[in-house]
Amino acid sequence: MEAARLSSLERLVDGLGPAELYWIAAWSAARAERLQRGDAAPASAAKAPAERLTILYGSQTGQAKRVASLLQARAEAAGLAVRLVRADAYPQRDLARETHLVVVISTQGDAEPPDDARGLVEFVLGKRAPKLPGVRYAVLGLGDSSYPQFCAIGRQLDERLAELGATRFAPLGEADVDVDAVAAPWLDDTLEQARQVLGASQPARIATLQPVPQRAAHSRERPFHAPLLDNQAIVARDAGRDVRHVELSLEGSGLSYEPGDSLGVWPRNPPALVQQWLDAAKLDGEHAVTHDGRSLSLRQWLTDERELTRLSRPLVAVLADASGDDELARLLRPDQSAALAALMAEYQPIDLWRRHPCAWSAEELVAALRPLTPRLYSIASSQKAVGDEVHLTVGVVDYLAHGERHWGAASSFLAQADDEQRLPVYIEANERFRLPQDDARDIIMIGPGTGVAPFRAFVQERRETGARGRNWLFFGNRHFGSEFLYQVEWQAALRDGSLHRLDLAFSRDDAAKVYVQQRLREQGRALYAWLQEGAHLYVCGDASRMAKDVNAALIDIAAAHGGHTHEQAREWLSDLLQQGRYARDVY
Ligand code: NAP
C-alpha cells in the first residue's frame, strides 16, 4: 500500500481498540470478497441509524469497555446490527438520530466521568444537548460503592436522557467493583429488550460483522499464574515505608502489553488479617461454608474470595441494619455523603465490625462481605526492553491504626511473594494512555511517587524504538535520599539521551513542601512552549489531590504564558484532553 494511504488509514484507526479493529478487519474482508466477486453493491456494513443498536462506552480502567464489547458480541451473535463506539470517538450530532442507544459508563472516584467521556457527558448534561424524542435507551453505570456518590455519572446520564425526551427501554444498572454480579444479568435483560424492540425490523444475521475470534489468551476471568522473578525494596530502609520493584515472567502466557497498560493482579488477603477476622467474629476458619453453590472453608473464603481491606456502602448498610446503630444508619442518608466518605477513608471493614460486632454465622459473614476483586498496577516496563517480563512499582500499604495493623490486599500480597510463588495476573489495556504515534513528538511526564511507574515504561520504549521526540519527566517524593525511585536509571537515561529533562520535587527535605506542580510553574514558559509545539502530556498517580492540583497548575501556566484568560486556559486544556494529548492515569 502506498505510504500516503497507509498514513491516512493509520490516522483513521488511531485509538481504536481490539474489538473495533477486529470489526474493521471483518468488514474489510467482506468488502474484499465482494470486489473479487465483481459485486458492485455498496459494502454498507454499517447500518443506517434506524436499524441499529449503538453502544457507547466511557471507560477509565477498561471495565466499561469490556462490558460494552461483551454486549456488542452478544448482540451481533443475536443478529442485531450494532456499532460500538468509545465516547470520545462518537460524533455528537449522531445522538438525536439514534433510535436505540446503550451507554456503559464508569464513575471515577466520587462523581467524575472517565477521561474519554468527559466531552460527551458535558454535552449531554449541558444546555446544547438536543431533544431526543426518537431515542430509546438504557444505561449501565459502573462504580465503586466505597465512594458515597456511587455510579453518579451513570445516574446523571440516565436521568438526563429521560429529561431530553428519550425513552428508557431497560432500567438503569448500577454495577459495583464486582462488576459482573450486576452487569451479567443486566446485559441479559437489556439484550432481550433490545431484541424485542429491534429484532422485528432486523434483517437476517450479518455474517460479515462477526468479530474475528481473539487469540485465546489469559484474561481477568482466566488469569495467568506468573512466576516471580524479582521482588526488591527500592526505597532506603529508613524511608519509613516500603516501595517494591517487582518482576514477573509472562513466558508462555501469550500475553503482551503496550507502554501505558496495567497489570491486573488477583490478590490474596494477608493471613494475619484473615486471623483478625476469625478472632473478632469468634468463628472457626476450618468450618465449611457453602455460598453461591461453592463450598470452601471459611478461611479460604476470607483469604481468596472476600474483600477485607476496602469498606463499601453496602457493607455499612448491612452492619447498620444488623447492629441497629442509628448513627451508622444516619451516614447512609443522601445529605451525609461527606461523612460517609470520611468514614470509608478512615476505616477498613474490620474496624467497623469491631465497633459494631454482630453475632453472625460463618455463612452470614461470607454473604455480607463483597467478593474480592483484582487490583490494577501501571506497568513499569516496555516489552521491547524486557521481553517476556513485566515490571511493577508497588507502594506497600501497611500501617497501624485504631490500635491494630492494617494492610493493603494486593500490595502486601506482592511484597510478601517469594520465588516459589506464581501470581494470578492479566493485562488491562489502556488505550487512552499511549505514547504518541508520531515518535517525533515530545512528551512531558508527571508522575510523583509510584505514579512514575508507566514513565519508566515510556522511556524504555522510546529508547528501544529510537524515538526522535524529547522526553521530560517531573518526579516527586518525600525525600531525595531515601525515596528517589529508579534514581540510577534516570541518571543513566539522562546520560544516554533517552531522557532529556528531569525536574524533581522532594516534599519533606525542607521546611516548606515542594510538589511537582511548583516545578511545573517554575518551568511554565518552557512547558507551554513544548505543548505549543505539539508535545503530549501525561499524569499518573494520586487522583484525589495531586492530579487536581497539577490540572490547576497547567491552567495557570497556559494563562500566564499563553496570554489566555483562565476560562480560555481551561478550554485549551480541555481541548488537549479531547485530542488525547493530555492523558491521565490516576486513581
Ligand atoms: P505519595 O507519598 O502519596 O506521594 C508522592 C509525593 O507526592 C510525596 O512527596 C507527596 O508529598 C506528594 N504529594 C502529596 N500531595 C500532593 C499534591 N496535592 N500534589 C502533588 N504532590 C503531592 O506517593 P505514593 O505513596 O507512591 O502514592 C502515589 C499515589 O498514586 C497513590 O495514591 C497510588 O494509588 C497512586 N497511583 C496511581 C496509579 C494509577 O492511577 N495508574 C499508578 C501508581 C500510583 P507529602 O506526602 O510530603 O505531602
# chains A, B, ... in the order shown; residues from 1 in each chain; ligands from 1
call {"tool": "residues_around", "arguments": {"residues": "Gly466 (chain A)", "least_positions_apart": "6", "cutoff": "10 Å", "atoms": "only C-alpha atoms", "output": "CSV table (one decimal) with all heavy atoms, in the first residue's frame"}}
result
chain,number,residue,atom,x,y,z
A,439,ASP,N,6.6,9.5,16.5
A,439,ASP,CA,7.7,9.5,17.5
A,439,ASP,C,8.5,10.7,17.6
A,439,ASP,O,9.4,10.8,18.4
A,439,ASP,CB,8.5,8.2,17.4
A,439,ASP,CG,9.4,8.2,16.2
A,439,ASP,OD1,9.5,9.3,15.5
A,439,ASP,OD2,10.2,7.2,16.0
A,440,ALA,N,8.3,11.7,16.6
A,440,ALA,CA,9.0,12.9,16.7
A,440,ALA,C,8.4,13.9,17.7
A,440,ALA,O,8.9,14.9,18.0
A,440,ALA,CB,9.0,13.6,15.3
A,460,GLN,N,11.8,3.6,28.5
A,460,GLN,CA,12.4,2.4,27.9
A,460,GLN,C,12.0,2.2,26.5
A,460,GLN,O,12.8,1.9,25.6
A,460,GLN,CB,12.0,1.1,28.7
A,460,GLN,CG,12.6,1.0,30.0
A,460,GLN,CD,12.2,-0.4,30.7
A,460,GLN,OE1,11.3,-1.0,30.3
A,460,GLN,NE2,12.9,-0.7,31.8
A,498,SER,N,18.1,9.2,26.4
A,498,SER,CA,16.7,8.8,26.3
A,498,SER,C,15.8,9.6,27.3
A,498,SER,O,14.6,9.5,27.2
A,498,SER,CB,16.6,7.3,26.6
A,498,SER,OG,17.2,6.9,27.8
call {"tool": "residues_near_ligand", "arguments": {"ligand": "ligand 1", "cutoff": "7 Å", "atoms": "only C-alpha atoms and all ligand atoms", "output": "PyMOL selection string"}}
result
chain A and resi 377-378+395+448-453+476-478+506-508+513+515-517+540-543+545-547+549-550+585-587
call {"tool": "residues_around", "arguments": {"residues": "Lys131 (chain A)", "least_positions_apart": "2", "cutoff": "7 Å", "atoms": "only C-alpha atoms", "output": "PDB file with N, CA, C and O atoms, in the first residue's frame"}}
result
ATOM      1  N   ALA A  96     -29.105  12.654  18.293  1.00  0.00           N
ATOM      2  CA  ALA A  96     -30.541  12.821  18.059  1.00  0.00           C
ATOM      3  C   ALA A  96     -31.048  11.867  16.985  1.00  0.00           C
ATOM      4  O   ALA A  96     -32.252  11.657  16.862  1.00  0.00           O
ATOM      5  N   ALA A 129     -27.510  20.231  24.557  1.00  0.00           N
ATOM      6  CA  ALA A 129     -27.972  18.875  24.217  1.00  0.00           C
ATOM      7  C   ALA A 129     -29.295  18.961  23.466  1.00  0.00           C
ATOM      8  O   ALA A 129     -30.187  19.729  23.839  1.00  0.00           O
ATOM      9  N   PRO A 133     -36.569  12.835  21.271  1.00  0.00           N
ATOM     10  CA  PRO A 133     -37.839  12.111  21.367  1.00  0.00           C
ATOM     11  C   PRO A 133     -37.814  10.748  20.689  1.00  0.00           C
ATOM     12  O   PRO A 133     -38.554   9.856  21.065  1.00  0.00           O
ATOM     13  N   LEU A 164     -34.453  14.728  28.307  1.00  0.00           N
ATOM     14  CA  LEU A 164     -34.361  15.214  26.925  1.00  0.00           C
ATOM     15  C   LEU A 164     -35.400  14.551  26.022  1.00  0.00           C
ATOM     16  O   LEU A 164     -35.407  14.760  24.813  1.00  0.00           O
ATOM     17  N   GLY A 165     -36.241  13.721  26.616  1.00  0.00           N
ATOM     18  CA  GLY A 165     -37.357  13.162  25.852  1.00  0.00           C
ATOM     19  C   GLY A 165     -37.133  11.738  25.376  1.00  0.00           C
ATOM     20  O   GLY A 165     -37.983  11.152  24.710  1.00  0.00           O
TER      21      GLY A 165
END
call {"tool": "atom_distance", "arguments": {"atom1": "CA of Arg136 (chain A)", "atom2": "CA of Asp115 (chain A)"}}
result
25.4 Å
call {"tool": "closest_residue", "arguments": {"among": "A:Ala184, A:Gly264, A:Arg313, A:Arg52", "to": "Val197 (chain A)", "atoms": "only C-alpha atoms"}}
result
A:Arg52
call {"tool": "residues_around", "arguments": {"residues": "Glu307 (chain A)", "least_positions_apart": "3", "cutoff": "9 Å", "atoms": "only C-alpha atoms", "output": "ChimeraX atom specification"}}
result
/A:269,302-304,310-311,349,369-373,409
call {"tool": "residues_around", "arguments": {"residues": "Val179 (chain A)", "least_positions_apart": "4", "cutoff": "10 Å", "atoms": "only C-alpha atoms", "output": "ChimeraX atom specification"}}
result
/A:63-64,67,141-144,174-175,183-184,373
call {"tool": "closest_residue", "arguments": {"among": "A:Gln276, A:Gln487, A:Gln60, A:Thr465", "to": "Leu502 (chain A)", "atoms": "only C-alpha atoms"}}
result
A:Gln487
call {"tool": "residues_around", "arguments": {"residues": "Asp388 (chain A)", "least_positions_apart": "5", "cutoff": "12 Å", "atoms": "only C-alpha atoms", "output": "list in words"}}
result
Ala226, Pro227, Leu229, Glu247, Leu248, Ser249, Leu250, Glu251, Gly252, Ser253, Gly254, Leu255, Ser256, Tyr257, Ser381, Ser382 and Gln383 of chain A
call {"tool": "atom_distance", "arguments": {"atom1": "CA of Leu263 (chain A)", "atom2": "CA of Ile350 (chain A)"}}
result
27.7 Å
call {"tool": "residues_around", "arguments": {"residues": "Tyr486 (chain A)", "least_positions_apart": "3", "cutoff": "9 Å", "atoms": "only C-alpha atoms", "output": "ChimeraX atom specification"}}
result
/A:234,456,483,489-491
call {"tool": "closest_residue", "arguments": {"among": "A:Ala552, A:Ala339, A:Arg241, A:Thr61", "to": "Glu567 (chain A)", "atoms": "only C-alpha atoms"}}
result
A:Ala552
call {"tool": "select_by_dssp", "arguments": {"residues": "region 393-508 of chain A", "states": "strand (DSSP E)", "output": "MDAnalysis selection string"}}
result
chainID A and resid 393:395 398:401 404:407 422:428 443:446 471:477 501:506
call {"tool": "atom_distance", "arguments": {"atom1": "CA of Phe475 (chain A)", "atom2": "CA of His500 (chain A)"}}
result
13.6 Å
call {"tool": "closest_residue", "arguments": {"among": "A:Ser312, A:Ser295, A:Val182, A:Leu352", "to": "Trp277 (chain A)", "atoms": "only C-alpha atoms"}}
result
A:Leu352
call {"tool": "decode", "arguments": {"residues": "region 549-564 of chain A", "atoms": "all heavy atoms", "output": "PDB file, in the first residue's frame"}}
result
ATOM      1  N   ASP A 549      -4.458  19.280  41.588  1.00  0.00           N
ATOM      2  CA  ASP A 549      -3.544  20.421  41.752  1.00  0.00           C
ATOM      3  C   ASP A 549      -2.680  20.618  40.496  1.00  0.00           C
ATOM      4  O   ASP A 549      -2.398  21.749  40.101  1.00  0.00           O
ATOM      5  CB  ASP A 549      -2.646  20.203  42.978  1.00  0.00           C
ATOM      6  CG  ASP A 549      -3.458  20.225  44.274  1.00  0.00           C
ATOM      7  OD1 ASP A 549      -4.640  20.632  44.232  1.00  0.00           O
ATOM      8  OD2 ASP A 549      -2.921  19.820  45.324  1.00  0.00           O
ATOM      9  N   VAL A 550      -2.275  19.512  39.895  1.00  0.00           N
ATOM     10  CA  VAL A 550      -1.478  19.615  38.657  1.00  0.00           C
ATOM     11  C   VAL A 550      -2.332  20.226  37.550  1.00  0.00           C
ATOM     12  O   VAL A 550      -1.876  21.102  36.800  1.00  0.00           O
ATOM     13  CB  VAL A 550      -0.929  18.218  38.251  1.00  0.00           C
ATOM     14  CG1 VAL A 550      -0.469  18.205  36.806  1.00  0.00           C
ATOM     15  CG2 VAL A 550       0.207  17.812  39.180  1.00  0.00           C
ATOM     16  N   ASN A 551      -3.589  19.818  37.492  1.00  0.00           N
ATOM     17  CA  ASN A 551      -4.509  20.369  36.488  1.00  0.00           C
ATOM     18  C   ASN A 551      -4.625  21.886  36.664  1.00  0.00           C
ATOM     19  O   ASN A 551      -4.555  22.653  35.696  1.00  0.00           O
ATOM     20  CB  ASN A 551      -5.880  19.696  36.652  1.00  0.00           C
ATOM     21  CG  ASN A 551      -6.772  19.900  35.452  1.00  0.00           C
ATOM     22  OD1 ASN A 551      -6.553  19.309  34.418  1.00  0.00           O
ATOM     23  ND2 ASN A 551      -7.750  20.785  35.587  1.00  0.00           N
ATOM     24  N   ALA A 552      -4.774  22.309  37.933  1.00  0.00           N
ATOM     25  CA  ALA A 552      -4.903  23.752  38.212  1.00  0.00           C
ATOM     26  C   ALA A 552      -3.617  24.477  37.804  1.00  0.00           C
ATOM     27  O   ALA A 552      -3.658  25.576  37.227  1.00  0.00           O
ATOM     28  CB  ALA A 552      -5.202  23.968  39.691  1.00  0.00           C
ATOM     29  N   ALA A 553      -2.463  23.848  38.076  1.00  0.00           N
ATOM     30  CA  ALA A 553      -1.182  24.485  37.718  1.00  0.00           C
ATOM     31  C   ALA A 553      -1.079  24.635  36.198  1.00  0.00           C
ATOM     32  O   ALA A 553      -0.597  25.656  35.690  1.00  0.00           O
ATOM     33  CB  ALA A 553      -0.016  23.658  38.251  1.00  0.00           C
ATOM     34  N   LEU A 554      -1.539  23.628  35.464  1.00  0.00           N
ATOM     35  CA  LEU A 554      -1.456  23.685  33.992  1.00  0.00           C
ATOM     36  C   LEU A 554      -2.314  24.827  33.454  1.00  0.00           C
ATOM     37  O   LEU A 554      -1.929  25.522  32.506  1.00  0.00           O
ATOM     38  CB  LEU A 554      -1.889  22.344  33.383  1.00  0.00           C
ATOM     39  CG  LEU A 554      -0.935  21.164  33.672  1.00  0.00           C
ATOM     40  CD1 LEU A 554      -1.580  19.834  33.283  1.00  0.00           C
ATOM     41  CD2 LEU A 554       0.399  21.341  32.927  1.00  0.00           C
ATOM     42  N   ILE A 555      -3.475  25.029  34.081  1.00  0.00           N
ATOM     43  CA  ILE A 555      -4.349  26.139  33.657  1.00  0.00           C
ATOM     44  C   ILE A 555      -3.646  27.477  33.922  1.00  0.00           C
ATOM     45  O   ILE A 555      -3.611  28.360  33.051  1.00  0.00           O
ATOM     46  CB  ILE A 555      -5.706  26.048  34.385  1.00  0.00           C
ATOM     47  CG1 ILE A 555      -6.470  24.819  33.860  1.00  0.00           C
ATOM     48  CG2 ILE A 555      -6.534  27.329  34.203  1.00  0.00           C
ATOM     49  CD1 ILE A 555      -7.720  24.470  34.628  1.00  0.00           C
ATOM     50  N   ASP A 556      -3.043  27.595  35.106  1.00  0.00           N
ATOM     51  CA  ASP A 556      -2.326  28.837  35.432  1.00  0.00           C
ATOM     52  C   ASP A 556      -1.184  29.082  34.438  1.00  0.00           C
ATOM     53  O   ASP A 556      -0.940  30.208  34.014  1.00  0.00           O
ATOM     54  CB  ASP A 556      -1.732  28.754  36.840  1.00  0.00           C
ATOM     55  CG  ASP A 556      -2.825  28.793  37.908  1.00  0.00           C
ATOM     56  OD1 ASP A 556      -3.970  29.149  37.567  1.00  0.00           O
ATOM     57  OD2 ASP A 556      -2.528  28.442  39.064  1.00  0.00           O
ATOM     58  N   ILE A 557      -0.497  27.993  34.073  1.00  0.00           N
ATOM     59  CA  ILE A 557       0.645  28.134  33.150  1.00  0.00           C
ATOM     60  C   ILE A 557       0.166  28.609  31.780  1.00  0.00           C
ATOM     61  O   ILE A 557       0.761  29.508  31.169  1.00  0.00           O
ATOM     62  CB  ILE A 557       1.403  26.781  33.047  1.00  0.00           C
ATOM     63  CG1 ILE A 557       2.163  26.537  34.348  1.00  0.00           C
ATOM     64  CG2 ILE A 557       2.345  26.755  31.847  1.00  0.00           C
ATOM     65  CD1 ILE A 557       2.681  25.128  34.524  1.00  0.00           C
ATOM     66  N   ALA A 558      -0.942  28.033  31.314  1.00  0.00           N
ATOM     67  CA  ALA A 558      -1.462  28.443  29.999  1.00  0.00           C
ATOM     68  C   ALA A 558      -1.925  29.893  30.049  1.00  0.00           C
ATOM     69  O   ALA A 558      -1.768  30.642  29.076  1.00  0.00           O
ATOM     70  CB  ALA A 558      -2.607  27.534  29.585  1.00  0.00           C
ATOM     71  N   ALA A 559      -2.483  30.308  31.205  1.00  0.00           N
ATOM     72  CA  ALA A 559      -2.934  31.699  31.333  1.00  0.00           C
ATOM     73  C   ALA A 559      -1.717  32.628  31.336  1.00  0.00           C
ATOM     74  O   ALA A 559      -1.688  33.644  30.629  1.00  0.00           O
ATOM     75  CB  ALA A 559      -3.764  31.864  32.600  1.00  0.00           C
ATOM     76  N   ALA A 560      -0.699  32.245  32.108  1.00  0.00           N
ATOM     77  CA  ALA A 560       0.463  33.128  32.266  1.00  0.00           C
ATOM     78  C   ALA A 560       1.294  33.213  30.978  1.00  0.00           C
ATOM     79  O   ALA A 560       1.793  34.275  30.631  1.00  0.00           O
ATOM     80  CB  ALA A 560       1.339  32.622  33.416  1.00  0.00           C
ATOM     81  N   HIS A 561       1.464  32.078  30.299  1.00  0.00           N
ATOM     82  CA  HIS A 561       2.400  32.072  29.170  1.00  0.00           C
ATOM     83  C   HIS A 561       1.729  32.063  27.798  1.00  0.00           C
ATOM     84  O   HIS A 561       2.386  32.247  26.786  1.00  0.00           O
ATOM     85  CB  HIS A 561       3.369  30.891  29.300  1.00  0.00           C
ATOM     86  CG  HIS A 561       4.165  30.964  30.565  1.00  0.00           C
ATOM     87  ND1 HIS A 561       5.231  31.813  30.731  1.00  0.00           N
ATOM     88  CD2 HIS A 561       3.999  30.328  31.753  1.00  0.00           C
ATOM     89  CE1 HIS A 561       5.713  31.690  31.953  1.00  0.00           C
ATOM     90  NE2 HIS A 561       4.980  30.798  32.600  1.00  0.00           N
ATOM     91  N   GLY A 562       0.396  31.837  27.799  1.00  0.00           N
ATOM     92  CA  GLY A 562      -0.290  31.798  26.502  1.00  0.00           C
ATOM     93  C   GLY A 562      -1.175  33.021  26.318  1.00  0.00           C
ATOM     94  O   GLY A 562      -1.910  33.107  25.328  1.00  0.00           O
ATOM     95  N   GLY A 563      -1.157  33.926  27.307  1.00  0.00           N
ATOM     96  CA  GLY A 563      -1.980  35.132  27.201  1.00  0.00           C
ATOM     97  C   GLY A 563      -3.474  34.812  27.228  1.00  0.00           C
ATOM     98  O   GLY A 563      -4.300  35.553  26.706  1.00  0.00           O
ATOM     99  N   HIS A 564      -3.855  33.701  27.842  1.00  0.00           N
ATOM    100  CA  HIS A 564      -5.265  33.338  27.924  1.00  0.00           C
ATOM    101  C   HIS A 564      -5.890  33.885  29.208  1.00  0.00           C
ATOM    102  O   HIS A 564      -5.199  34.080  30.201  1.00  0.00           O
ATOM    103  CB  HIS A 564      -5.430  31.809  27.995  1.00  0.00           C
ATOM    104  CG  HIS A 564      -4.918  31.078  26.798  1.00  0.00           C
ATOM    105  ND1 HIS A 564      -5.417  31.271  25.539  1.00  0.00           N
ATOM    106  CD2 HIS A 564      -3.973  30.106  26.682  1.00  0.00           C
ATOM    107  CE1 HIS A 564      -4.784  30.450  24.700  1.00  0.00           C
ATOM    108  NE2 HIS A 564      -3.902  29.747  25.369  1.00  0.00           N
TER     109      HIS A 564
END
